[in-house]
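So this one's input.cif, mmCIF, C-alpha atoms:
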data_structure
loop_
_atom_site.label_atom_id
_atom_site.label_comp_id
_atom_site.auth_asym_id
_atom_site.auth_seq_id
_atom_site.Cartn_x
_atom_site.Cartn_y
_atom_site.Cartn_z
CA MET A 1 0.00 0.00 0.00
CA ASN A 2 2.80 2.42 0.89
CA GLU A 3 4.71 3.78 -2.06
CA ALA A 4 8.16 5.33 -1.71
CA ILE A 5 8.40 8.66 -3.49
CA LEU A 6 11.96 9.51 -2.41
CA GLU A 7 14.72 7.26 -1.10
CA LEU A 8 18.22 8.00 0.10
CA ASP A 9 20.89 5.35 -0.06
CA SER A 10 24.31 5.67 1.65
CA LEU A 11 24.16 9.44 1.36
CA VAL A 12 27.17 11.54 2.36
CA LYS A 13 27.56 15.30 2.11
CA ARG A 14 30.98 16.72 2.77
CA PHE A 15 31.97 20.39 3.18
CA GLY A 16 35.77 20.50 2.96
CA SER A 17 36.98 17.60 5.06
CA ARG A 18 33.91 17.57 7.32
CA ASP A 19 31.03 15.16 6.79
CA VAL A 20 27.90 17.17 7.56
CA LEU A 21 25.51 14.42 6.55
CA GLN A 22 25.79 10.61 6.65
CA VAL A 23 22.49 8.84 6.13
CA GLU A 24 22.55 5.12 5.43
CA ARG A 25 18.92 4.80 4.31
CA LEU A 26 15.84 7.02 4.49
CA VAL A 27 12.52 6.55 2.70
CA PHE A 28 9.80 9.15 2.16
CA GLN A 29 6.36 7.67 1.51
CA LYS A 30 3.87 9.17 -0.93
CA GLY A 31 1.10 11.33 0.57
CA ARG A 32 2.75 11.59 3.97
CA ILE A 33 3.81 14.70 5.87
CA HIS A 34 7.30 13.60 6.88
CA GLY A 35 9.02 15.72 9.50
CA ILE A 36 12.78 16.03 9.83
CA ILE A 37 13.66 17.20 13.32
CA GLY A 38 16.93 17.81 15.04
CA PRO A 39 18.97 20.57 16.64
CA SER A 40 20.62 23.35 14.62
CA GLY A 41 23.57 22.07 12.60
CA SER A 42 22.26 18.52 12.41
CA GLY A 43 22.11 18.63 8.60
CA LYS A 44 18.33 19.02 8.17
CA SER A 45 18.45 21.86 5.66
CA THR A 46 21.33 20.26 3.74
CA LEU A 47 19.28 17.09 3.47
CA LEU A 48 16.36 19.08 2.07
CA ARG A 49 18.59 20.86 -0.45
CA ILE A 50 19.92 17.50 -1.67
CA LEU A 51 16.40 16.09 -1.99
CA ASN A 52 15.37 19.20 -3.99
CA LEU A 53 18.48 18.79 -6.21
CA ILE A 54 19.84 22.22 -5.24
CA GLU A 55 22.94 20.52 -3.83
CA LYS A 56 24.67 17.40 -5.04
CA PRO A 57 25.61 14.69 -2.56
CA SER A 58 29.32 13.93 -2.13
CA ALA A 59 28.49 10.22 -2.23
CA GLY A 60 25.43 7.98 -2.26
CA ARG A 61 22.26 7.99 -4.28
CA VAL A 62 18.85 9.64 -4.28
CA PHE A 63 15.88 7.88 -5.89
CA PHE A 64 12.65 9.54 -7.04
CA HIS A 65 9.95 6.98 -7.83
CA GLY A 66 12.75 4.44 -8.00
CA GLN A 67 14.79 6.44 -10.54
CA ASP A 68 18.32 7.41 -9.54
CA ILE A 69 18.32 11.23 -9.67
CA SER A 70 21.84 11.70 -8.32
CA LEU A 71 22.90 11.24 -11.94
CA ASN A 72 22.65 14.34 -14.10
CA ASN A 73 20.26 13.08 -16.76
CA GLY A 74 16.71 14.33 -16.40
CA ARG A 75 17.39 16.43 -13.32
CA LEU A 76 15.35 19.41 -14.52
CA ALA A 77 12.29 17.29 -15.33
CA VAL A 78 12.44 15.72 -11.86
CA GLN A 79 13.09 19.06 -10.19
CA ARG A 80 9.94 20.43 -11.79
CA ARG A 81 7.90 17.81 -9.96
CA MET A 82 9.11 19.19 -6.62
CA ALA A 83 9.15 22.61 -4.97
CA MET A 84 10.59 24.17 -1.85
CA VAL A 85 9.66 26.94 0.57
CA PHE A 86 12.65 28.42 2.37
CA GLN A 87 12.94 29.69 5.91
CA LYS A 88 13.39 33.27 4.67
CA PRO A 89 11.55 33.54 1.37
CA VAL A 90 13.27 35.60 -1.32
CA MET A 91 10.81 37.67 -3.29
CA PHE A 92 11.68 38.62 -6.85
CA ASN A 93 11.72 42.38 -7.36
CA THR A 94 8.35 42.54 -9.07
CA THR A 95 4.66 42.16 -8.22
CA VAL A 96 3.05 39.40 -6.17
CA PHE A 97 1.36 38.13 -9.36
CA GLU A 98 4.66 37.83 -11.22
CA ASN A 99 6.27 36.05 -8.27
CA VAL A 100 3.50 33.46 -8.21
CA ALA A 101 3.58 33.16 -12.01
CA TYR A 102 7.35 32.50 -12.11
CA GLY A 103 7.26 28.71 -11.76
CA LEU A 104 4.63 28.41 -14.47
CA LYS A 105 6.46 30.75 -16.83
CA VAL A 106 9.70 28.79 -16.63
CA ARG A 107 7.61 25.74 -17.59
CA GLY A 108 6.44 27.61 -20.68
CA LEU A 109 2.89 28.50 -19.63
CA ARG A 110 1.57 31.83 -20.96
CA GLY A 111 -1.67 33.74 -21.56
CA PRO A 112 -5.10 33.18 -19.96
CA ALA A 113 -4.19 29.71 -18.65
CA LEU A 114 -1.32 31.22 -16.68
CA ARG A 115 -3.43 34.12 -15.40
CA ASP A 116 -6.27 31.84 -14.29
CA ARG A 117 -4.00 29.46 -12.40
CA VAL A 118 -2.13 32.26 -10.64
CA ARG A 119 -5.35 34.03 -9.63
CA ALA A 120 -6.90 30.79 -8.39
CA GLU A 121 -3.86 30.10 -6.21
CA LEU A 122 -3.81 33.66 -4.88
CA LYS A 123 -7.47 33.25 -3.93
CA THR A 124 -6.85 29.92 -2.20
CA LEU A 125 -4.26 31.57 0.02
CA GLY A 126 -6.27 34.77 0.55
CA LEU A 127 -3.81 36.90 -1.38
CA GLU A 128 -5.99 38.20 -4.21
CA GLN A 129 -5.95 41.73 -2.79
CA LEU A 130 -2.16 41.81 -3.02
CA GLU A 131 -1.92 40.71 -6.66
CA ASN A 132 -0.44 43.97 -7.95
CA GLN A 133 1.58 44.90 -4.88
CA ALA A 134 5.39 45.03 -5.05
CA ALA A 135 6.42 41.72 -3.45
CA ARG A 136 9.32 43.26 -1.54
CA THR A 137 6.92 45.49 0.41
CA LEU A 138 5.07 42.54 1.96
CA SER A 139 5.15 41.69 5.65
CA GLY A 140 6.92 38.48 6.75
CA GLY A 141 3.65 36.54 7.00
CA GLU A 142 2.38 37.77 3.63
CA ALA A 143 5.71 36.99 1.98
CA GLN A 144 5.66 33.43 3.33
CA ARG A 145 2.10 32.97 2.04
CA VAL A 146 3.21 34.25 -1.38
CA ALA A 147 6.15 31.83 -1.23
CA LEU A 148 3.70 29.02 -0.52
CA ALA A 149 1.38 30.14 -3.36
CA ARG A 150 4.41 30.32 -5.66
CA VAL A 151 5.20 26.65 -5.14
CA LEU A 152 1.64 25.32 -4.89
CA VAL A 153 0.68 26.83 -8.25
CA THR A 154 3.21 24.51 -9.90
CA ASP A 155 1.26 21.54 -8.49
CA PRO A 156 4.30 19.67 -7.13
CA GLU A 157 4.31 16.01 -6.18
CA VAL A 158 6.62 16.76 -3.27
CA LEU A 159 6.68 19.95 -1.26
CA PHE A 160 9.78 20.71 0.83
CA LEU A 161 9.35 23.15 3.71
CA ASP A 162 12.50 24.41 5.40
CA GLU A 163 11.44 25.85 8.77
CA PRO A 164 8.70 27.82 7.03
CA THR A 165 7.34 29.48 10.17
CA SER A 166 10.44 30.10 12.26
CA ASN A 167 10.51 33.82 11.40
CA LEU A 168 6.78 34.36 11.83
CA ASP A 169 4.58 35.48 14.71
CA PRO A 170 2.22 32.81 16.18
CA HIS A 171 -0.79 34.04 14.18
CA ASN A 172 0.97 33.83 10.82
CA ALA A 173 2.66 30.56 11.79
CA ALA A 174 -0.76 29.04 12.54
CA LEU A 175 -2.07 30.34 9.19
CA ILE A 176 0.78 28.71 7.26
CA GLU A 177 0.37 25.45 9.16
CA ALA A 178 -3.37 25.37 8.45
CA MET A 179 -2.73 25.99 4.76
CA VAL A 180 -0.10 23.27 4.52
CA ARG A 181 -2.38 20.81 6.27
CA SER A 182 -5.44 21.58 4.11
CA VAL A 183 -3.72 21.73 0.72
CA SER A 184 -1.71 18.57 1.36
CA ARG A 185 -4.93 16.71 2.21
CA GLU A 186 -6.93 18.18 -0.66
CA ARG A 187 -4.27 17.73 -3.33
CA GLY A 188 -2.64 14.63 -1.92
CA PHE A 189 0.97 15.63 -2.37
CA SER A 190 3.82 14.56 -0.14
CA VAL A 191 5.43 17.02 2.24
CA VAL A 192 8.89 16.97 3.79
CA LEU A 193 8.99 19.46 6.65
CA VAL A 194 12.22 20.49 8.36
CA THR A 195 11.66 21.97 11.78
CA HIS A 196 13.24 22.13 15.20
CA ASN A 197 9.87 22.98 16.70
CA ILE A 198 8.55 19.85 18.42
CA PHE A 199 5.08 21.32 18.79
CA GLN A 200 4.85 22.04 15.09
CA ALA A 201 6.09 18.55 14.30
CA ARG A 202 3.35 17.14 16.58
CA ARG A 203 0.66 19.26 14.94
CA LEU A 204 1.61 18.70 11.31
CA THR A 205 3.51 15.52 10.66
CA ASP A 206 2.59 11.84 10.29
CA TRP A 207 6.13 10.53 10.45
CA LEU A 208 9.31 11.83 12.08
CA SER A 209 13.01 11.32 11.42
CA PHE A 210 15.44 12.61 14.02
CA LEU A 211 18.82 13.83 12.81
CA TYR A 212 21.74 14.47 15.12
CA GLU A 213 25.18 15.61 13.97
CA GLY A 214 24.35 14.62 10.41
CA LYS A 215 23.20 11.10 11.24
CA LEU A 216 19.74 9.58 11.27
CA ILE A 217 19.24 8.50 14.87
CA GLU A 218 15.72 7.12 14.67
CA GLU A 219 12.42 7.43 12.85
CA GLY A 220 8.83 6.34 13.18
CA PRO A 221 5.23 7.53 13.43
CA THR A 222 5.12 10.97 15.03
CA PRO A 223 3.10 10.01 18.17
CA GLU A 224 5.45 7.11 18.82
CA ILE A 225 8.67 9.10 18.39
CA LEU A 226 7.39 11.90 20.62
CA ALA A 227 5.91 9.66 23.31
CA ASN A 228 8.45 6.82 23.43
CA PRO A 229 11.76 7.77 21.82
CA ARG A 230 14.16 4.84 21.82
CA ASP A 231 17.40 6.83 21.72
CA GLU A 232 18.49 9.05 24.58
CA ARG A 233 19.48 11.87 22.16
CA THR A 234 15.99 11.88 20.67
CA ALA A 235 14.48 11.84 24.14
CA ALA A 236 16.64 14.80 25.19
CA PHE A 237 15.58 16.74 22.11
CA VAL A 238 11.90 15.93 22.61
CA ARG A 239 12.13 16.95 26.29
CA GLY A 240 13.77 20.20 25.22
CA ASP A 241 17.05 19.41 26.98
CA THR A 242 19.15 19.68 23.80
CA VAL A 243 20.71 23.08 23.41
CA TYR A 244 19.93 24.48 19.95
CA MET B 1 27.05 72.36 -30.85
CA HIS B 2 29.62 70.15 -32.51
CA ILE B 3 31.52 69.53 -29.30
CA ILE B 4 28.32 68.58 -27.48
CA TRP B 5 27.43 66.16 -30.25
CA MET B 6 30.98 64.79 -30.32
CA SER B 7 30.98 64.29 -26.53
CA LEU B 8 27.68 62.42 -26.68
CA PHE B 9 28.80 60.37 -29.69
CA VAL B 10 32.14 59.29 -28.22
CA SER B 11 30.87 58.60 -24.69
CA GLY B 12 27.64 57.00 -25.93
CA ILE B 13 29.30 54.59 -28.35
CA SER B 14 32.03 53.79 -25.84
CA VAL B 15 29.68 53.01 -22.96
CA PHE B 16 27.51 50.97 -25.33
CA LEU B 17 30.49 48.88 -26.43
CA ALA B 18 31.81 48.56 -22.86
CA SER B 19 28.35 47.42 -21.70
CA ALA B 20 27.85 45.02 -24.61
CA LEU B 21 31.12 43.32 -23.68
CA GLY B 22 31.26 43.96 -19.94
CA ILE B 23 27.74 42.97 -18.84
CA PRO B 24 27.90 39.41 -20.28
CA LEU B 25 31.47 38.93 -19.05
CA GLY B 26 30.67 40.33 -15.60
CA THR B 27 27.57 38.14 -15.38
CA TRP B 28 29.51 35.04 -16.35
CA LEU B 29 32.26 35.80 -13.82
CA GLY B 30 29.67 36.61 -11.14
CA LEU B 31 27.93 33.27 -11.64
CA LEU B 32 31.14 31.26 -11.30
CA PRO B 33 32.43 30.31 -7.83
CA ALA B 34 34.54 33.19 -6.43
CA HIS B 35 37.64 31.01 -5.92
CA ARG B 36 37.67 30.05 -9.61
CA VAL B 37 37.75 33.67 -10.84
CA ARG B 38 40.00 35.14 -8.17
CA TRP B 39 42.75 36.15 -10.60
CA ALA B 40 40.37 37.50 -13.20
CA ALA B 41 38.62 39.55 -10.50
CA GLN B 42 41.90 40.99 -9.24
CA ILE B 43 42.96 41.99 -12.75
CA ILE B 44 39.59 43.63 -13.43
CA TYR B 45 39.67 45.51 -10.11
CA THR B 46 43.16 46.79 -10.98
CA LEU B 47 42.03 47.91 -14.44
CA MET B 48 39.06 49.74 -12.89
CA GLY B 49 41.63 52.21 -11.62
CA LEU B 50 43.55 52.42 -14.92
CA PRO B 51 44.88 55.99 -15.26
CA PRO B 52 43.32 57.60 -18.38
CA VAL B 53 46.67 59.00 -19.53
CA LEU B 54 48.19 55.51 -19.40
CA ALA B 55 45.25 54.10 -21.38
CA GLY B 56 45.66 57.01 -23.81
CA LEU B 57 49.38 56.36 -24.16
CA LEU B 58 48.88 52.65 -24.87
CA ILE B 59 46.16 53.31 -27.46
CA TYR B 60 48.34 56.07 -28.97
CA LEU B 61 51.26 53.64 -29.36
CA LEU B 62 49.00 50.97 -30.87
CA LEU B 63 47.37 53.37 -33.35
CA SER B 64 50.37 55.53 -34.27
CA SER B 65 51.75 55.08 -37.77
CA SER B 66 54.59 52.90 -36.47
CA GLY B 67 52.27 50.85 -34.21
CA PRO B 68 50.64 47.50 -35.06
CA PHE B 69 47.31 49.15 -35.93
CA GLY B 70 48.76 52.21 -37.66
CA VAL B 71 47.45 51.08 -41.04
CA LEU B 72 43.92 51.69 -39.81
CA LYS B 73 44.74 55.44 -39.65
CA LEU B 74 42.49 55.91 -36.63
CA LEU B 75 44.75 58.21 -34.62
CA TYR B 76 43.30 61.73 -34.17
CA THR B 77 39.85 60.55 -35.21
CA PRO B 78 36.74 60.13 -33.03
CA TRP B 79 37.12 56.34 -33.37
CA ALA B 80 40.48 56.46 -31.60
CA MET B 81 38.72 58.27 -28.76
CA VAL B 82 36.00 55.59 -28.75
CA VAL B 83 38.66 52.85 -28.46
CA ALA B 84 40.39 54.64 -25.56
CA GLN B 85 37.15 55.32 -23.71
CA THR B 86 35.87 51.77 -24.22
CA VAL B 87 39.11 50.48 -22.69
CA LEU B 88 38.50 52.73 -19.68
CA ALA B 89 34.81 51.87 -19.17
CA PHE B 90 34.99 48.12 -19.90
CA PRO B 91 36.63 47.04 -16.60
CA ILE B 92 34.31 49.31 -14.60
CA VAL B 93 31.16 47.84 -16.16
CA THR B 94 32.56 44.29 -15.96
CA GLY B 95 33.74 44.54 -12.34
CA LEU B 96 30.60 46.20 -10.99
CA THR B 97 28.35 43.77 -12.91
CA MET B 98 30.31 40.85 -11.47
CA ILE B 99 29.82 42.21 -7.94
CA ALA B 100 26.12 42.89 -8.58
CA VAL B 101 25.48 39.37 -9.89
CA ARG B 102 27.48 37.72 -7.11
CA SER B 103 25.55 39.62 -4.43
CA LYS B 104 22.28 38.17 -5.78
CA ASP B 105 23.54 34.82 -6.98
CA LYS B 106 22.94 32.32 -4.18
CA GLU B 107 19.55 33.30 -2.82
CA ILE B 108 18.02 34.08 -6.21
CA ARG B 109 19.51 31.00 -7.86
CA ASP B 110 18.23 28.71 -5.06
CA THR B 111 14.75 30.20 -5.29
CA ALA B 112 14.66 30.05 -9.09
CA VAL B 113 15.98 26.49 -9.24
CA SER B 114 13.57 25.31 -6.54
CA LEU B 115 10.73 26.74 -8.66
CA GLY B 116 11.84 24.73 -11.69
CA ALA B 117 14.11 27.16 -13.56
CA SER B 118 16.82 25.71 -15.80
CA ALA B 119 20.42 26.92 -15.40
CA TRP B 120 19.89 29.41 -18.23
CA GLN B 121 16.56 30.65 -16.83
CA SER B 122 18.00 31.08 -13.34
CA ALA B 123 20.99 33.04 -14.77
CA LEU B 124 18.57 35.37 -16.58
CA THR B 125 16.57 35.78 -13.38
CA ILE B 126 19.73 36.71 -11.46
CA VAL B 127 20.59 39.35 -14.08
CA ARG B 128 17.04 40.71 -13.96
CA GLU B 129 17.16 40.89 -10.16
CA ALA B 130 20.57 42.59 -10.28
CA ARG B 131 19.44 45.09 -12.95
CA LEU B 132 19.44 48.00 -10.52
CA ALA B 133 23.11 47.49 -9.75
CA ILE B 134 23.96 46.63 -13.38
CA VAL B 135 22.46 49.91 -14.60
CA GLY B 136 24.45 51.49 -11.78
CA ALA B 137 27.58 49.95 -13.32
CA VAL B 138 26.72 51.49 -16.69
CA VAL B 139 26.03 54.87 -15.07
CA THR B 140 29.39 54.72 -13.28
CA GLY B 141 31.14 53.85 -16.55
CA LEU B 142 29.39 56.67 -18.37
CA GLY B 143 30.24 59.10 -15.57
CA ARG B 144 33.90 58.25 -15.91
CA LEU B 145 33.79 58.73 -19.68
CA MET B 146 31.97 62.05 -19.65
CA ALA B 147 34.47 63.44 -17.14
CA GLU B 148 37.49 61.99 -18.91
CA VAL B 149 39.96 64.26 -20.68
CA GLY B 150 43.46 62.77 -20.59
CA ALA B 151 42.99 59.82 -22.94
CA VAL B 152 40.75 61.62 -25.45
CA MET B 153 43.23 64.48 -25.78
CA MET B 154 46.14 62.09 -26.36
CA VAL B 155 44.48 59.98 -29.05
CA GLY B 156 42.02 62.56 -30.40
CA GLY B 157 44.32 65.56 -30.47
CA ASN B 158 41.58 68.08 -29.50
CA ILE B 159 41.16 69.15 -33.14
CA GLU B 160 38.48 71.82 -33.55
CA GLY B 161 35.46 70.61 -35.50
CA LYS B 162 36.77 67.07 -35.52
CA THR B 163 37.82 65.57 -32.19
CA ARG B 164 37.18 68.34 -29.70
CA VAL B 165 34.81 67.29 -26.91
CA MET B 166 33.46 69.24 -23.96
CA THR B 167 36.12 68.24 -21.47
CA SER B 168 39.00 68.99 -23.83
CA ALA B 169 37.29 72.30 -24.75
CA ILE B 170 37.08 73.19 -21.03
CA VAL B 171 40.82 72.56 -20.68
CA LEU B 172 41.54 74.70 -23.75
CA GLU B 173 39.31 77.61 -22.67
CA THR B 174 40.85 77.55 -19.17
CA ARG B 175 44.34 77.73 -20.66
CA ARG B 176 43.22 80.68 -22.79
CA GLY B 177 41.86 82.44 -19.70
CA ASN B 178 38.22 82.23 -20.95
CA PHE B 179 36.92 81.14 -17.57
CA GLU B 180 33.30 82.15 -18.24
CA MET B 181 33.23 79.95 -21.33
CA ALA B 182 34.92 77.09 -19.44
CA ILE B 183 32.38 77.30 -16.60
CA GLY B 184 29.52 77.53 -19.12
CA LEU B 185 30.73 74.37 -20.85
CA GLY B 186 31.06 72.67 -17.47
CA ILE B 187 27.44 73.51 -16.62
CA VAL B 188 26.23 72.18 -19.99
CA LEU B 189 28.22 68.99 -19.35
CA LEU B 190 26.59 68.55 -15.94
CA VAL B 191 23.09 69.15 -17.36
CA LEU B 192 23.73 66.56 -20.08
CA ALA B 193 24.97 64.07 -17.50
CA PHE B 194 21.84 64.69 -15.41
CA ILE B 195 19.51 64.09 -18.37
CA ILE B 196 21.29 60.89 -19.43
CA ASN B 197 21.42 59.53 -15.88
CA SER B 198 17.72 60.30 -15.38
CA CYS B 199 16.94 58.17 -18.43
CA LEU B 200 19.15 55.36 -17.14
CA TYR B 201 17.53 55.60 -13.70
CA ARG B 202 14.16 54.80 -15.28
CA LEU B 203 15.74 51.66 -16.76
CA GLN B 204 16.53 50.42 -13.27
CA GLY B 205 12.81 49.80 -12.72
CA VAL B 206 12.70 51.13 -9.15
CA PRO B 207 9.19 50.38 -7.82
CA ARG B 208 7.11 53.46 -7.01
CA ASN B 209 5.67 52.02 -3.79
#
Kindly return the structure encoded in the file as structure tokens.
Amino acid sequence: MNEAILELDSLVKRFGSRDVLQVERLVFQKGRIHGIIGPSGSGKSTLLRILNLIEKPSAGRVFFHGQDISLNNGRLAVQRRMAMVFQKPVMFNTTVFENVAYGLKVRGLRGPALRDRVRAELKTLGLEQLENQAARTLSGGEAQRVALARVLVTDPEVLFLDEPTSNLDPHNAALIEAMVRSVSRERGFSVVLVTHNIFQARRLTDWLSFLYEGKLIEEGPTPEILANPRDERTAAFVRGDTVY
Amino acid sequence: MHIIWMSLFVSGISVFLASALGIPLGTWLGLLPAHRVRWAAQIIYTLMGLPPVLAGLLIYLLLSSSGPFGVLKLLYTPWAMVVAQTVLAFPIVTGLTMIAVRSKDKEIRDTAVSLGASAWQSALTIVREARLAIVGAVVTGLGRLMAEVGAVMMVGGNIEGKTRVMTSAIVLETRRGNFEMAIGLGIVLLVLAFIINSCLYRLQGVPRN
């Protein structure tokens, strides 16, 4: 019944002589909200960048629907089936509409079809009033919603979220969480969420992987990992004892 | 009127050529990892401070009748001035474009790539996002050219009705003691620079709100 959408095999990422990531095996199932938790510097964001093909692994392989995507052939086509929201979204120096339209334009969409899809996505995220506003004048919460609209409009199979609410106030953080939850259920895409916020992980995710110093320590269903962690390092992180 | 036209012609063509060569080169260098272009960057930064008289001397030697390009008979023509001024503006436009692109590179590239842009599309996006600073590079290059006098006098010869431009005319009128005329020419030069820069400013696409 479960179908793997992404798999990592013997993955290593090295910066200089330092291994920042060493993951023997990690599988992301289709339709799941998979949380990656761990203290700062544990390699969570690097892992996400490798999965989104922004960074290349130093060794090991990444599979998407069973196809090895660590090789160069077909990277762009695979990349266009994924999308990522960063911790601090970078807005292009143009209007909100053009920012949301970007992903569709690079895929060659133009004209009324483009306009209709962008407007529909802006409406879904309650941004229709901001359509013509300069994107760089938005508040942090608005910018993150535009960043979310910008990736959702491309209809990705996998959505990567890199600490998407860590710079937001509680109200905007709750808004983003609610949107992620509803659109992932409605559209059925898979989500990989990087966070060091245990409460957010509890609220949003179905499955958790705990990274520590670049290594996968343990993983399992979210309630199980949070209630009965097997490893002492996971337990310390869940209790809030880990300094991060 | 001729000297105004000649100033605009020489500076305009020169900054156009310097931009046509320098913006693509600066973009390419800016997109490459900094450690791979360290030497190129250091050479460009050095040439950004190239003394106009030295540039003028080198172009003079190259274009003089005994030089390798003497057969072209360009010395003491406006085209010799264009060559000298292009040499002066090219490293400025290249170096400042490289810095502009590098300052935008990582965050814009990551965002563009994560939204499905190809390498070529993300490079174009970086250039578009850096346009404010790239136009600034062109403005800086043009500013240097419009104020330049040493190189154009050496290779142009300040010949009345042929290669005299506003800056060389100001020097001449000052030497003659015609200070009112020299100041008048200076004011016209400043007004021209203001008009041209206002046009370029609009190209930067600064949002109104």
Residues of chain B near chain A: apply a cut-off of 10 Å, count all atoms listed in the file, and supply the list as a ChimeraX atom specification. /B:107-119,121-122,125-126,128-131,205-209
Output the residue selection produced by the PyMOL selection byres ((chain B and resi 147) around 10) on the file above, formatted as number ranges by chain. B: 11, 142-146, 148-150, 166-168, 186, 189-190, 193
Taking every listed atom of segment 187-190 of chain A and adding 8 Å to each side, what centre and edge lengths in Å (one decimal) does the axis-aligned box have, as AutoDock Vina command-line options?
--center_x -0.2 --center_y 16.1 --center_z -1.7 --size_x 24.1 --size_y 19.2 --size_z 19.2
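With only C-alpha atoms as the atoms that count, the residue of A:Asp19, A:Asp206, A:Glu219, A:Asp155 with the shortest distance to Val183 of chain A is A:Asp155.
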Separation of atom CA of Ala100 of chain B and atom CA of Leu124 of chain B, in Å?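 Taking atom CA of Ala100 of chain B and atom CA of Leu124 of chain B, their separation equals 13.3 Å.
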With all atoms listed in the file counted, which protein, DNA or RNA residues have an atom no more than 12 Å from (-4.6, 35.0, -15.6) in the file frame? Please answer as a ChimeraX atom specification. /A:97-98,100-101,104-105,109-122,128,131
Hey, can you spit out that residue selection with C-alpha atoms as a PDB file, in the frame of the given file?
ATOM      1  CA  PHE A  97       1.360  38.130  -9.360  1.00  0.00           C
ATOM      2  CA  GLU A  98       4.660  37.830 -11.220  1.00  0.00           C
ATOM      3  CA  VAL A 100       3.500  33.460  -8.210  1.00  0.00           C
ATOM      4  CA  ALA A 101       3.580  33.160 -12.010  1.00  0.00           C
ATOM      5  CA  LEU A 104       4.630  28.410 -14.470  1.00  0.00           C
ATOM      6  CA  LYS A 105       6.460  30.750 -16.830  1.00  0.00           C
ATOM      7  CA  LEU A 109       2.890  28.500 -19.630  1.00  0.00           C
ATOM      8  CA  ARG A 110       1.570  31.830 -20.960  1.00  0.00           C
ATOM      9  CA  GLY A 111      -1.670  33.740 -21.560  1.00  0.00           C
ATOM     10  CA  PRO A 112      -5.100  33.180 -19.960  1.00  0.00           C
ATOM     11  CA  ALA A 113      -4.190  29.710 -18.650  1.00  0.00           C
ATOM     12  CA  LEU A 114      -1.320  31.220 -16.680  1.00  0.00           C
ATOM     13  CA  ARG A 115      -3.430  34.120 -15.400  1.00  0.00           C
ATOM     14  CA  ASP A 116      -6.270  31.840 -14.290  1.00  0.00           C
ATOM     15  CA  ARG A 117      -4.000  29.460 -12.400  1.00  0.00           C
ATOM     16  CA  VAL A 118      -2.130  32.260 -10.640  1.00  0.00           C
ATOM     17  CA  ARG A 119      -5.350  34.030  -9.630  1.00  0.00           C
ATOM     18  CA  ALA A 120      -6.900  30.790  -8.390  1.00  0.00           C
ATOM     19  CA  GLU A 121      -3.860  30.100  -6.210  1.00  0.00           C
ATOM     20  CA  LEU A 122      -3.810  33.660  -4.880  1.00  0.00           C
ATOM     21  CA  GLU A 128      -5.990  38.200  -4.210  1.00  0.00           C
ATOM     22  CA  GLU A 131      -1.920  40.710  -6.660  1.00  0.00           C
TER      23      GLU A 131
END
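Here atom CA of Met179 of chain A and atom CA of Thr124 of chain A stand 9.0 Å from one another.
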From B:Leu203, B:Leu88, B:Val101, B:Leu61, residue lying nearest Thr46 of chain B [only C-alpha atoms]: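 Residue with the minimum atom-to-atom distance to Thr46 of chain B: B:Leu88.
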